[in-house]
Structures are given as C-alpha cells and as structure tokens.
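Raw query-v5.txt, compact mmCIF, C-alpha atoms and all ligand atoms:
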```txt
# COMPACT_ATOMS: atom_id res chain seq x y z
CA MET A 1 0.00 0.00 0.00
CA THR A 2 1.29 3.47 -0.86
CA ARG A 3 1.66 5.65 2.17
CA ARG A 4 0.40 9.24 1.95
CA LEU A 5 2.12 11.95 3.95
CA PRO A 6 0.24 15.25 4.05
CA VAL A 7 2.42 18.38 3.99
CA LEU A 8 0.20 21.40 4.64
CA MET A 9 0.99 24.91 3.38
CA TYR A 10 -0.14 27.90 5.44
CA HIS A 11 0.59 31.61 5.07
CA SER A 12 -0.78 34.21 7.51
CA VAL A 13 -2.88 33.20 10.56
CA ALA A 14 -4.75 36.39 11.45
CA GLU A 15 -8.20 37.71 12.32
CA ARG A 16 -7.78 40.73 10.06
CA PRO A 17 -5.11 39.97 7.44
CA SER A 18 -4.05 42.50 4.79
CA ALA A 19 -6.12 42.43 1.59
CA SER A 20 -3.29 40.81 -0.38
CA THR A 21 -2.90 37.92 2.09
CA ARG A 22 -6.58 37.37 2.93
CA ARG A 23 -7.38 34.51 0.54
CA LEU A 24 -4.40 32.44 1.65
CA SER A 25 -4.76 33.27 5.36
CA ILE A 26 -6.85 31.57 8.01
CA SER A 27 -8.27 32.82 11.31
CA PRO A 28 -6.58 31.93 14.63
CA ASN A 29 -9.73 30.05 15.69
CA ALA A 30 -9.76 27.96 12.52
CA PHE A 31 -6.08 27.15 13.06
CA THR A 32 -6.75 26.06 16.66
CA ALA A 33 -9.61 23.84 15.46
CA GLN A 34 -7.30 22.23 12.88
CA LEU A 35 -4.68 21.49 15.56
CA GLU A 36 -7.43 20.00 17.76
CA LEU A 37 -8.57 17.76 14.91
CA LEU A 38 -5.01 16.60 14.14
CA CYS A 39 -4.25 15.80 17.78
CA SER A 40 -7.58 14.11 18.49
CA GLU A 41 -7.09 11.85 15.44
CA GLY A 42 -3.60 10.83 16.52
CA PHE A 43 -1.54 12.82 13.99
CA VAL A 44 2.02 13.68 15.06
CA THR A 45 3.69 16.76 13.53
CA VAL A 46 7.20 16.50 12.09
CA THR A 47 9.33 19.13 10.36
CA PHE A 48 9.66 19.35 6.58
CA SER A 49 13.25 17.99 6.67
CA GLU A 50 12.11 15.09 8.86
CA ILE A 51 9.31 14.13 6.48
CA VAL A 52 11.69 14.39 3.49
CA ASP A 53 14.17 12.05 5.22
CA ALA A 54 11.30 9.65 5.89
CA LEU A 55 10.25 9.80 2.23
CA ALA A 56 13.82 8.83 1.33
CA GLY A 57 13.69 5.88 3.75
CA MET A 58 16.24 7.51 6.10
CA ARG A 59 13.92 7.95 9.07
CA ALA A 60 10.93 6.18 10.60
CA LEU A 61 7.77 8.17 11.24
CA PRO A 62 4.79 7.70 13.54
CA SER A 63 1.91 5.88 11.86
CA ARG A 64 0.07 9.18 11.32
CA ALA A 65 2.49 11.99 10.50
CA VAL A 66 1.76 15.46 9.14
CA THR A 67 3.97 18.46 8.35
CA LEU A 68 2.81 22.05 8.88
CA THR A 69 4.68 24.63 6.77
CA PHE A 70 4.28 28.42 6.83
CA ASP A 71 5.45 30.53 3.87
CA ASP A 72 6.79 34.09 3.62
CA GLY A 73 7.58 34.81 7.32
CA TYR A 74 4.50 36.69 8.62
CA ALA A 75 4.86 38.20 12.12
CA ASP A 76 1.70 36.37 13.20
CA PHE A 77 3.69 33.12 13.19
CA HIS A 78 5.47 34.43 16.31
CA GLU A 79 2.40 36.06 17.88
CA VAL A 80 -0.37 33.58 17.03
CA VAL A 81 0.99 30.29 15.69
CA LEU A 82 3.94 29.59 17.98
CA PRO A 83 1.97 29.70 21.27
CA ARG A 84 -0.65 27.35 19.79
CA LEU A 85 1.96 24.91 18.51
CA HIS A 86 3.48 24.94 21.99
CA GLU A 87 0.09 24.34 23.62
CA PHE A 88 -0.60 21.31 21.41
CA GLY A 89 2.98 19.98 21.50
CA CYS A 90 3.39 20.46 17.72
CA THR A 91 6.29 21.49 15.52
CA ALA A 92 6.45 23.16 12.09
CA THR A 93 8.69 24.60 9.38
CA VAL A 94 8.73 28.31 8.48
CA PHE A 95 9.99 29.34 5.02
CA VAL A 96 11.34 32.89 5.32
CA THR A 97 11.66 35.49 2.52
CA THR A 98 14.75 37.21 3.92
CA GLY A 99 14.40 40.50 1.99
CA TRP A 100 10.90 41.04 3.45
CA LEU A 101 11.83 40.78 7.14
CA GLU A 102 10.74 43.74 9.31
CA ASP A 103 14.32 44.84 9.98
CA ALA A 104 15.86 43.78 6.64
CA GLY A 105 17.44 47.27 6.52
CA ASP A 106 19.48 47.97 3.40
CA ARG A 107 18.88 44.38 2.29
CA ARG A 108 15.15 45.12 1.92
CA ALA A 109 13.70 43.61 -1.26
CA GLY A 110 10.56 45.53 -2.18
CA PRO A 111 7.39 45.99 -0.12
CA ALA A 112 6.31 43.01 2.01
CA PRO A 113 2.71 41.72 1.73
CA GLY A 114 2.00 42.25 5.45
CA LYS A 115 3.63 42.60 8.86
CA MET A 116 6.64 40.32 8.77
CA LEU A 117 8.89 38.69 11.37
CA SER A 118 12.04 40.43 12.62
CA TRP A 119 15.42 38.73 12.68
CA GLY A 120 15.19 38.47 16.49
CA GLN A 121 11.86 36.63 16.16
CA VAL A 122 13.32 34.27 13.54
CA GLN A 123 16.08 33.45 16.03
CA GLU A 124 13.53 32.86 18.83
CA ILE A 125 11.44 30.61 16.60
CA ALA A 126 14.52 28.56 15.66
CA SER A 127 15.48 28.26 19.35
CA ALA A 128 11.96 26.95 20.08
CA GLY A 129 12.70 23.91 17.88
CA ILE A 130 10.86 25.08 14.76
CA GLU A 131 12.69 24.42 11.50
CA ILE A 132 13.62 27.51 9.49
CA GLY A 133 13.76 27.11 5.71
CA ALA A 134 14.42 29.61 2.93
CA HIS A 135 11.85 31.10 0.58
CA SER A 136 14.33 33.13 -1.59
CA HIS A 137 15.42 36.70 -0.83
CA SER A 138 12.91 38.77 -2.82
CA HIS A 139 10.16 36.24 -3.66
CA PRO A 140 10.58 36.20 -7.47
CA GLU A 141 9.22 33.64 -9.93
CA LEU A 142 12.42 31.58 -9.83
CA ASP A 143 11.69 29.75 -13.09
CA GLN A 144 11.71 33.07 -14.97
CA LEU A 145 15.12 34.29 -13.71
CA PRO A 146 18.40 34.00 -15.63
CA ASP A 147 20.93 31.68 -13.99
CA ASN A 148 23.00 34.36 -12.21
CA LYS A 149 19.96 35.97 -10.55
CA LEU A 150 18.48 32.57 -9.70
CA LEU A 151 21.67 31.49 -7.91
CA TRP A 152 21.90 34.84 -6.09
CA GLU A 153 18.33 34.48 -4.74
CA LEU A 154 18.98 30.94 -3.53
CA ARG A 155 22.39 31.69 -1.97
CA THR A 156 21.51 35.01 -0.33
CA SER A 157 18.52 33.73 1.64
CA LYS A 158 20.35 30.56 2.73
CA ASP A 159 23.52 32.43 3.77
CA LEU A 160 21.65 35.15 5.72
CA LEU A 161 19.48 32.65 7.59
CA GLU A 162 22.45 30.43 8.48
CA GLN A 163 24.37 33.49 9.66
CA TYR A 164 21.53 34.57 11.99
CA ILE A 165 20.33 31.23 13.36
CA GLY A 166 23.65 29.37 13.35
CA VAL A 167 22.38 26.06 11.95
CA PRO A 168 22.32 24.70 8.38
CA VAL A 169 19.28 25.69 6.32
CA ASP A 170 18.53 22.58 4.28
CA ALA A 171 15.04 23.26 2.97
CA LEU A 172 13.59 25.72 0.45
CA ALA A 173 10.04 26.52 -0.61
CA TYR A 174 9.62 27.76 -4.20
CA PRO A 175 7.89 31.20 -4.24
CA PHE A 176 4.43 30.78 -5.87
CA GLY A 177 5.29 27.07 -6.17
CA TYR A 178 7.05 27.73 -9.50
CA TRP A 179 10.00 25.50 -10.37
CA SER A 180 11.57 23.76 -13.35
CA ARG A 181 14.35 21.21 -13.84
CA ARG A 182 16.78 24.15 -14.31
CA VAL A 183 15.65 25.66 -10.98
CA GLN A 184 16.04 22.27 -9.28
CA GLY A 185 19.64 22.03 -10.58
CA ALA A 186 20.43 25.44 -9.07
CA VAL A 187 18.77 24.46 -5.77
CA ARG A 188 20.90 21.31 -5.61
CA SER A 189 24.13 23.14 -6.45
CA THR A 190 23.44 25.78 -3.78
CA GLY A 191 23.42 23.06 -1.12
CA TYR A 192 19.73 22.63 -0.29
CA ARG A 193 18.70 19.07 0.53
CA SER A 194 15.00 19.43 -0.14
CA ALA A 195 12.43 21.77 -1.66
CA ALA A 196 8.72 22.27 -1.16
CA ALA A 197 6.42 22.73 -4.15
CA VAL A 198 2.64 23.16 -4.33
CA ALA A 199 0.74 20.40 -6.07
CA ASN A 200 -2.24 19.82 -3.81
CA VAL A 201 -1.62 16.11 -3.53
CA SER A 202 -0.09 14.30 -0.57
CA ALA A 203 3.56 13.30 -0.70
CA GLN A 204 4.13 9.64 -1.43
CA ILE A 205 7.03 7.21 -1.41
CA PRO A 206 9.15 7.40 -3.59
CA GLN A 207 9.26 11.19 -3.74
CA ASP A 208 11.39 13.72 -5.67
CA ARG A 209 12.94 15.49 -2.65
CA LEU A 210 13.31 18.74 -4.65
CA ALA A 211 9.60 18.96 -5.45
CA VAL A 212 7.71 17.71 -2.41
CA PRO A 213 4.02 18.49 -2.97
CA ARG A 214 2.06 20.49 -0.40
CA LEU A 215 -1.64 20.97 0.27
CA THR A 216 -2.91 24.57 0.46
CA VAL A 217 -4.86 25.60 3.56
CA ARG A 218 -6.80 28.82 3.00
CA ARG A 219 -9.68 30.91 4.37
CA SER A 220 -12.20 28.81 2.45
CA THR A 221 -10.85 25.54 3.93
CA THR A 222 -13.83 24.39 5.98
CA PRO A 223 -13.43 21.65 8.63
CA ASN A 224 -14.82 19.14 6.08
CA VAL A 225 -12.34 20.19 3.40
CA PHE A 226 -9.53 20.04 5.97
CA ARG A 227 -10.53 16.49 6.84
CA ARG A 228 -10.47 15.59 3.14
CA LEU A 229 -6.94 17.02 2.88
CA MET A 230 -5.84 14.61 5.57
CA TYR A 231 -7.58 11.49 4.31
CA ASP A 232 -9.05 11.70 0.81
CA ARG A 233 -7.11 10.31 -2.17
CA ARG A 234 -9.09 12.46 -4.60
CA ILE A 235 -8.20 15.74 -2.94
CA ALA A 236 -6.86 17.21 -6.18
CA GLN A 237 -10.51 17.82 -7.10
CA THR A 238 -10.75 20.28 -4.21
CA PHE A 239 -8.25 22.47 -6.07
CA LEU A 240 -9.55 22.37 -9.63
CA GLY A 241 -9.39 26.18 -9.87
CA ASP A 242 -5.64 26.29 -9.20
CA ARG A 243 -4.36 26.60 -12.78
CA SER A 244 -0.80 27.29 -11.63
CA LEU A 245 -0.58 23.69 -10.46
CA THR A 246 -1.39 21.91 -13.67
CA ALA A 247 1.08 20.25 -16.03
CA GLY A 248 -0.24 22.41 -18.92
CA TRP A 249 0.47 25.58 -17.00
CA ALA A 250 4.08 24.41 -16.38
CA ILE A 251 4.56 24.16 -20.16
CA VAL A 252 3.16 27.69 -20.64
CA ARG A 253 5.58 29.00 -17.98
CA HIS A 254 8.56 27.31 -19.62
CA ALA A 255 7.61 28.85 -22.99
CA LYS A 256 7.34 32.26 -21.27
CA TYR A 257 10.89 31.88 -19.88
CA VAL A 258 12.31 30.84 -23.27
CA LEU A 259 10.58 33.73 -25.07
CA ARG A 260 11.63 36.32 -22.51
CA HIS A 261 15.28 35.28 -22.66
CA ALA A 262 15.35 34.95 -26.44
CA ARG A 263 14.06 38.54 -26.56
CA LEU A 264 16.68 39.66 -24.04
CA SER A 265 19.59 38.12 -25.92
CA ARG A 266 18.37 39.64 -29.22
CA SER A 267 18.23 43.09 -27.62
CA GLN A 268 21.78 42.64 -26.35
CA ILE A 269 23.19 41.98 -29.81
ZN ZN A 301 5.50 32.92 -0.72
```

As structure tokens, the full file:
Amino acid sequence: MTRRLPVLMYHSVAERPSASTRRLSISPNAFTAQLELLCSEGFVTVTFSEIVDALAGMRALPSRAVTLTFDDGYADFHEVVLPRLHEFGCTATVFVTTGWLEDAGDRRAGPAPGKMLSWGQVQEIASAGIEIGAHSHSHPELDQLPDNKLLWELRTSKDLLEQYIGVPVDALAYPFGYWSRRVQGAVRSTGYRSAAAVANVSAQIPQDRLAVPRLTVRRSTTPNVFRRLMYDRRIAQTFLGDRSLTAGWAIVRHAKYVLRHARLSRSQI
C-alpha cells in the first residue's frame, strides 16, 4: 500500500489579514480547530526535513504523520501560531523570505505583503525547535530568472538565515510554487537538501525530494475540506481552480521563460 504523507501549506494566521494575504490566510480560531482535529485523530507533527528524510527511507515516522509549513515569514507566526503549537505539542517549518523581514534594513527587497517577522523573532522561533527554511530573498518567480539571478536568490537567503540562526538551512520553498528542472539544478548546487512545491496532492514514497508536494490551507478551507486534505485520495478535485498547479500551465511558464530570454539576448546583440 502506498503511504500518503500530508504536507500542509499555510501563510498568515490572522483575524484581520491585509487584503493581499486574505485569501491564503486563516483565522486563529480555525487554526486552533485544525490542531485539535489533528491531535484528536492521533496525527504527530514532524518538520519538513524530517518528512523528506522519511520519504527517502532515512527515518521512521509515527503511523500518522503530518507536516505544517508556513510561507513568507509573517509576524503572526510568532504572535499567534507559535503559542498554539506549543500548547498542542506540535512542531512546524517556516519558510522565510529574507528581503521582506521587518528589519531587513538595506537588504530590503521591495514591499512586504503584510507585517513580517524580525530577525530576532526568527532566532527565537529557531530556538523553540521550529525548523527555518528559505523562501528566496525577494520572492521572485524563480523559473523566470536568468541563472545568475536565480543562484543569487537561492544563496543570499540561505547564507543570511544560516548566519543569523547558526544552523544549516537545508530546505527551500519555491515562491508561488514555480520551479523547473533548471531551478532544481540550481537548488541542488546551492546546497539545499529538499524543496517544497505546491501540487495539492499528498507526498508519497518514492518522492522527488526537490519537489515535495504540499496541500494549500486557505480561508475557504472548511473543517470538512480540511478532513479531506488529511484522508481523501481524490483531494486534487478540491483544487480544480488552481491553474498554476497543472502540467499544462508548467509548459506555458517554460515557454514564457524561453521567449523572454530569447528577446533579451536579441536586444543585447
Ligand atoms: Zn511565498
């Protein structure tokens, strides 16, 4: 029997999120209810790197394991999520966009989509046993970048995080879930051991460790939908509107990259 390992993808957990984060955010009460459901049904939380090692056969997992991941680095992870994880004895992985952090200073990379963590909070979160992963420095569409910019994004976020938290940063989450074989090659050569994608299916063994699929949790995720995420094999149907996750859309994105760079090289001649 194939074993399914759900890896959930969260963003902001807030009562009143900013307009740009609203759709992908959930309320603190909904998050608490999800933790209650997971614990009452015997799920044990493990970090993203732990679940990737298990997918590679390098680690045993409890019979019901789940991974909670949080993208972008919203300040509400420190204020809202961390105390709840502590209360329920859960762990998680936070994927930080380093150029968006509250005190990024002269390394700031454009406006952030909401109130973000500070470096001090990232350090506190790491000390609390939560895994910190990278989510690039400026949150670009990695598959559309030329090689030099792609490598810079991957290296800068990894180096800064390792400098501040003092432990290796092994995991990356692709901004917007966009990746390609070329991006995966750059991720591997930069020293990451695993990468989180978005495919809205559960991870299975064997698994490509540089494209581990995650399930999106959002404001419209009712308790029934959440339960389906954990158990239902046909969950992809829950996400039929997510065109960015289809194979056809990946081909369109690759064509876009090729066209853009053909145009660039012509203009350089
Ligand atoms: Zn993101």

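Every residue having at least one atom no farther than 6 Å from ligand ZN 301 (chain A) is included below, with all atoms listed in the file taken into account: Asp71, Asp72, Pro175 and Phe176 of chain A.
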
Residues from the last selection, C-alpha atoms, saved as a CSV table (one decimal), in the coordinates of the input:
```csv
chain,number,residue,atom,x,y,z
A,71,ASP,CA,5.4,30.5,3.9
A,72,ASP,CA,6.8,34.1,3.6
A,175,PRO,CA,7.9,31.2,-4.2
A,176,PHE,CA,4.4,30.8,-5.9
```

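Of the residues listed (A:Phe226, A:Trp119, A:Tyr74, A:Trp179), A:Tyr74 shows the shortest atom-to-atom separation from Ser12 in chain A; distances use all atoms listed in the file.
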
note = Students should find that CA of Leu172 in chain A and CA of Ser136 in chain A are spaced 7.7 Å

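Counting all atoms listed in the file, the residue from A:Val225, A:Val13, A:Ala195, A:Ala173 that sits nearest to Ala211 in chain A is A:Ala195.
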
inquiry  = Around (8.2, 15.8, -1.7), as given in the file, which residues come within 12 Å? Count all atoms listed in the file and list them as a PyMOL selection string.
reply    = chain A and resi 4-8+48-56+67+171-173+193-215

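Straight-line separation from CA of Arg181 in chain A to CA of Thr216 in chain A: 22.7 Å.
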
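Across the model, the gap from CA of Ser18 in chain A to CA of Asp106 in chain A is 24.2 Å.
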
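The list of residues with at least one atom within 9 Å of Pro223 in chain A, based on all atoms listed in the file and without residues fewer than 5 positions apart in the same chain, reads Ala30, Ala33, Gln34, Leu37 and Arg228 of chain A.
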